[in-house]
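Here is the file coords.cif (mmCIF, C-alpha atoms).
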data_data
loop_
_atom_site.label_atom_id
_atom_site.label_comp_id
_atom_site.auth_asym_id
_atom_site.auth_seq_id
_atom_site.Cartn_x
_atom_site.Cartn_y
_atom_site.Cartn_z
CA MET A 1 40.69 -104.93 35.21
CA ALA A 2 39.59 -107.27 32.40
CA GLU A 3 39.89 -106.06 28.86
CA LYS A 4 36.61 -104.90 27.31
CA PHE A 5 35.41 -105.58 23.77
CA ARG A 6 32.82 -103.93 21.58
CA VAL A 7 30.85 -105.82 18.90
CA MET A 8 31.02 -103.96 15.56
CA PHE A 9 29.34 -104.57 12.20
CA ALA A 10 31.55 -106.38 9.67
CA GLY A 11 29.07 -107.22 6.89
CA LEU A 12 26.07 -109.33 5.91
CA GLU A 13 26.11 -113.01 5.00
CA ALA A 14 25.28 -113.91 1.40
CA GLY A 15 21.57 -113.83 0.63
CA VAL A 16 20.60 -111.85 3.76
CA ASP A 17 18.58 -108.69 3.31
CA GLN A 18 19.54 -105.80 5.59
CA ALA A 19 15.92 -104.82 6.33
CA GLN A 20 14.98 -108.40 7.17
CA ALA A 21 18.02 -108.81 9.43
CA THR A 22 17.19 -105.52 11.13
CA GLU A 23 13.60 -106.62 11.86
CA GLN A 24 14.68 -110.05 13.16
CA LEU A 25 17.36 -108.56 15.42
CA ALA A 26 14.97 -105.90 16.73
CA ALA A 27 12.44 -108.64 17.56
CA LYS A 28 15.08 -110.72 19.38
CA LEU A 29 16.42 -107.74 21.31
CA LYS A 30 12.92 -106.30 21.87
CA THR A 31 13.96 -102.86 20.68
CA THR A 32 13.19 -100.52 17.79
CA THR A 33 14.45 -101.07 14.27
CA ASP A 34 15.95 -97.56 14.30
CA LYS A 35 18.25 -98.50 17.12
CA VAL A 36 19.30 -101.70 15.34
CA ALA A 37 19.85 -99.74 12.10
CA THR A 38 22.63 -97.74 13.81
CA LEU A 39 24.67 -100.96 13.83
CA PHE A 40 24.90 -100.82 10.03
CA GLU A 41 26.29 -97.27 10.28
CA HIS A 42 29.29 -98.72 12.19
CA LYS A 43 27.98 -97.46 15.52
CA PRO A 44 27.97 -99.79 18.50
CA LEU A 45 24.71 -101.49 19.39
CA PHE A 46 25.92 -103.03 22.65
CA ALA A 47 27.89 -101.50 25.49
CA PRO A 48 31.51 -102.58 25.90
CA SER A 49 31.70 -105.88 27.77
CA GLU A 50 34.05 -108.71 28.62
CA GLN A 51 35.16 -111.12 25.91
CA ASP A 52 32.70 -113.92 26.78
CA LYS A 53 29.70 -111.64 26.69
CA ALA A 54 30.92 -109.95 23.50
CA LEU A 55 31.24 -113.39 21.82
CA LYS A 56 27.65 -114.20 22.79
CA GLN A 57 26.53 -110.90 21.29
CA ALA A 58 28.42 -111.71 18.07
CA LYS A 59 26.73 -115.16 17.93
CA LEU A 60 23.33 -113.46 18.31
CA LEU A 61 24.13 -111.22 15.36
CA ALA A 62 25.33 -114.24 13.35
CA SER A 63 22.02 -116.02 14.00
CA VAL A 64 20.19 -113.34 12.00
CA GLY A 65 22.83 -113.21 9.25
CA ILE A 66 25.00 -110.30 10.40
CA LYS A 67 28.77 -110.72 10.46
CA ALA A 68 30.39 -109.04 13.44
CA LYS A 69 33.89 -108.47 14.71
CA LEU A 70 35.16 -107.83 18.22
CA GLN A 71 36.98 -104.57 18.71
CA PRO A 72 39.07 -104.23 21.88
CA ILE A 73 38.51 -101.06 23.84
CA ASN A 74 41.74 -99.26 24.65
CA GLN A 75 42.04 -98.85 28.41
CA ALA A 76 44.38 -95.89 27.92
CA ALA A 77 41.62 -94.01 26.11
CA THR A 78 39.18 -94.62 28.93
CA SER A 79 41.74 -93.56 31.50
CA ASN A 80 42.41 -90.45 29.39
CA GLN A 81 38.70 -89.70 29.39
CA SER A 82 38.55 -90.18 33.15
CA SER A 83 41.52 -87.82 33.59
CA ASN A 84 39.66 -85.26 31.43
CA THR A 85 36.60 -85.56 33.64
CA ASP A 86 38.84 -85.24 36.71
CA ALA A 87 40.32 -82.04 35.26
CA GLN A 88 36.84 -80.70 34.52
CA THR A 89 35.71 -81.54 38.05
CA LYS A 90 38.74 -79.79 39.54
CA GLU A 91 38.12 -76.74 37.35
CA ARG A 92 34.47 -76.63 38.40
CA GLU A 93 35.45 -76.94 42.07
CA GLU A 94 37.95 -74.09 41.64
CA ARG A 95 35.23 -71.87 40.16
CA ILE A 96 32.93 -72.75 43.07
CA PHE A 97 35.63 -71.90 45.60
CA ASP A 98 36.35 -68.62 43.81
CA ALA A 99 32.66 -67.74 43.93
CA LEU A 100 32.48 -68.62 47.63
CA ASP A 101 35.58 -66.52 48.30
CA TYR A 102 34.02 -63.56 46.49
CA ILE A 103 30.79 -63.92 48.46
CA THR A 104 32.69 -64.15 51.74
CA SER A 105 34.76 -61.07 51.00
CA SER A 106 31.60 -59.18 50.01
CA LEU A 107 29.96 -60.14 53.30
CA ILE A 108 33.01 -58.97 55.23
CA ARG A 109 32.92 -55.61 53.44
CA LEU A 110 29.20 -55.24 54.20
CA GLU A 111 29.83 -56.04 57.85
CA GLU A 112 32.55 -53.37 58.02
CA LYS A 113 30.18 -50.80 56.50
CA LEU A 114 27.50 -51.74 59.03
CA ASP A 115 30.01 -51.27 61.86
CA ASP A 116 30.87 -47.81 60.52
CA LEU A 117 27.19 -46.92 60.35
CA GLU A 118 26.62 -48.16 63.90
CA GLN A 119 29.47 -45.96 65.12
CA ARG A 120 27.97 -42.92 63.38
CA LEU A 121 24.44 -43.71 64.59
CA PRO A 122 24.94 -42.72 68.26
CA GLU A 123 26.14 -39.28 67.14
CA LEU A 124 23.02 -38.82 65.02
CA GLU A 125 20.79 -40.09 67.84
CA ASN A 126 22.32 -37.70 70.34
CA ASN A 127 21.68 -34.77 68.00
CA SER A 128 18.07 -35.82 67.34
CA VAL A 129 17.38 -36.46 71.05
CA ALA A 130 18.62 -32.97 71.94
CA ASP A 131 16.36 -31.45 69.25
CA SER A 132 13.33 -33.42 70.42
CA ASP A 133 13.89 -32.49 74.09
CA ASP A 134 13.59 -28.81 73.24
CA SER A 135 10.61 -29.17 70.94
CA TRP A 136 8.24 -30.87 73.41
CA GLN A 137 8.20 -27.88 75.70
CA GLU A 138 7.05 -25.58 72.90
CA ASP A 139 4.05 -27.74 71.86
CA ASP A 140 0.66 -27.17 73.48
CA LEU A 141 -0.66 -30.26 75.16
CA LEU A 142 -4.09 -31.19 73.94
CA LEU A 143 -4.13 -34.42 75.86
CA GLU A 144 -6.65 -33.22 78.47
CA ASP A 145 -9.26 -32.38 75.82
CA GLU A 146 -9.01 -35.83 74.28
CA LEU A 147 -9.59 -37.60 77.59
CA THR A 148 -12.75 -35.68 78.47
CA GLU A 149 -14.58 -36.49 75.25
CA PRO A 150 -16.98 -39.46 75.53
CA VAL A 151 -16.31 -42.52 73.42
CA LYS A 152 -18.62 -42.67 70.43
CA LYS A 153 -20.46 -45.90 69.90
CA ARG A 154 -20.40 -47.30 66.42
CA SER A 155 -23.56 -48.04 64.59
CA ASN A 156 -23.97 -51.75 63.97
CA THR A 157 -26.60 -51.33 61.27
CA LEU A 158 -24.10 -52.00 58.49
CA LEU A 159 -22.94 -55.20 60.17
CA TYR A 160 -26.50 -56.40 60.77
CA SER A 161 -27.52 -55.60 57.20
CA LEU A 162 -24.55 -57.60 55.81
CA ILE A 163 -25.40 -60.59 58.02
CA ALA A 164 -29.04 -60.42 56.96
CA MET A 165 -28.02 -60.25 53.28
CA VAL A 166 -25.82 -63.34 53.62
CA ILE A 167 -28.61 -65.27 55.35
CA VAL A 168 -31.11 -64.33 52.64
CA LEU A 169 -28.68 -65.40 49.90
CA LEU A 170 -28.06 -68.74 51.66
CA ILE A 171 -31.81 -69.34 51.93
CA ILE A 172 -32.28 -68.58 48.21
CA LEU A 173 -29.39 -70.91 47.34
CA GLY A 174 -30.92 -73.67 49.48
CA VAL A 175 -34.30 -73.30 47.80
CA VAL A 176 -32.71 -73.40 44.34
CA GLU A 177 -30.80 -76.57 45.23
CA LEU A 178 -33.75 -78.31 46.85
CA PHE A 179 -36.40 -77.30 44.32
CA PRO A 180 -34.71 -76.73 40.95
CA GLU A 181 -37.98 -77.15 39.05
CA LEU A 182 -39.34 -73.91 40.60
CA PHE A 183 -36.64 -71.93 38.80
CA SER A 184 -36.64 -73.79 35.48
CA PHE A 185 -37.87 -70.64 33.71
CA LEU A 186 -34.42 -69.06 34.33
CA GLU A 187 -32.65 -71.72 32.27
CA SER A 188 -34.58 -71.02 29.06
#
Is it possible to give me this structure as structure tokens?
Amino acid sequence: MAEKFRVMFAGLEAGVDQAQATEQLAAKLKTTTDKVATLFEHKPLFAPSEQDKALKQAKLLASVGIKAKLQPINQAATSNQSSNTDAQTKEREERIFDALDYITSSLIRLEEKLDDLEQRLPELENNSVADSDDSWQEDDLLLEDELTEPVKKRSNTLLYSLIAMVIVLLIILGVVELFPELFSFLES
């Protein structure tokens, strides 16, 4: 892996105004002056890059009167950061696995409780079936009376009145839409 460099602010050339240099650099980079101003606070303006590209960036800064220096990026620091992210990823995965384990064990416990309830259910059903077998003989059957009664016909007057009301409202709406000048007195 090639060594990376970062272009950092080193100073201004004699006779160069910081505001003017900021505006010129922002115009060349087509970015905001606020972003360019961070360079003067010793914050990087460009991402770390290879030496050739970093030299070109330094020449660009020199063209507007800004002195720059190349700062090598320590590969050990980046590998340390990557090992930190690896540790965080492993920790997150462990937490996920712990949560999945907890959910699985909870599901197993629920399944065991359901099995226990299913085993108890036949006993309860047998008791309730025996009680219901005895109770049907004591009830009087009124089924014969219900079958001999004639079926009552419903009155459709409510349905017909609703249909008629809807038709009347649609006719009124059609007249209002077709002839709005007839109902202009309602608007005033």
### Message
So that I can see what lies close to range 55-57 of chain A, please list as a PyMOL selection string the residues with an atom at most 9 Å from it, counting only C-alpha atoms and leaving out residues fewer than 3 positions away in the same chain.
### Response
chain A and resi 7+46+50-52+60-62+68+70
### Message
One number please: CA of Glu112 in chain A to CA of Ile96 in chain A, in Å, one decimal.
### Response
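Value for the CA of Glu112 in chain A-CA of Ile96 in chain A distance: 24.5 Å.
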Just the residues within 12 Å of Ala14 in chain A, please, counting all atoms listed in the file, with nothing from its chain fewer than 5 positions along; format it as a short mmCIF file (atom, residue, chain, number, x, y, z; two decimals) with C-alpha atoms, keeping the file's coordinate frame.
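Saved as part.cif:
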data_model
loop_
_atom_site.label_atom_id
_atom_site.label_comp_id
_atom_site.auth_asym_id
_atom_site.auth_seq_id
_atom_site.Cartn_x
_atom_site.Cartn_y
_atom_site.Cartn_z
CA ALA A 21 18.02 -108.81 9.43
CA ALA A 62 25.33 -114.24 13.35
CA VAL A 64 20.19 -113.34 12.00
CA GLY A 65 22.83 -113.21 9.25
CA ILE A 66 25.00 -110.30 10.40
CA LYS A 67 28.77 -110.72 10.46
#
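Remark: for Phe40 in chain A, the closest of the candidate residues A:Gln119, A:Ser63, A:Gln24, A:Gln18 is A:Gln18 (distances computed over all atoms listed in the file).
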### Message
Would you compute the distance between CA of Lys43 in chain A and CA of Met8 in chain A? Give it in Å to one decimal.
### Response
7.2 Å
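One finds CA of Leu29 in chain A at 19.7 Å from CA of Glu13 in chain A.
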### Query
Which residue gives the smallest distance to Pro72 in chain A among A:Ala2, A:Ala27, A:Ile103, A:Ile167, with only C-alpha atoms counted?
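Counting only C-alpha atoms, the residue closest to Pro72 in chain A is A:Ala2.
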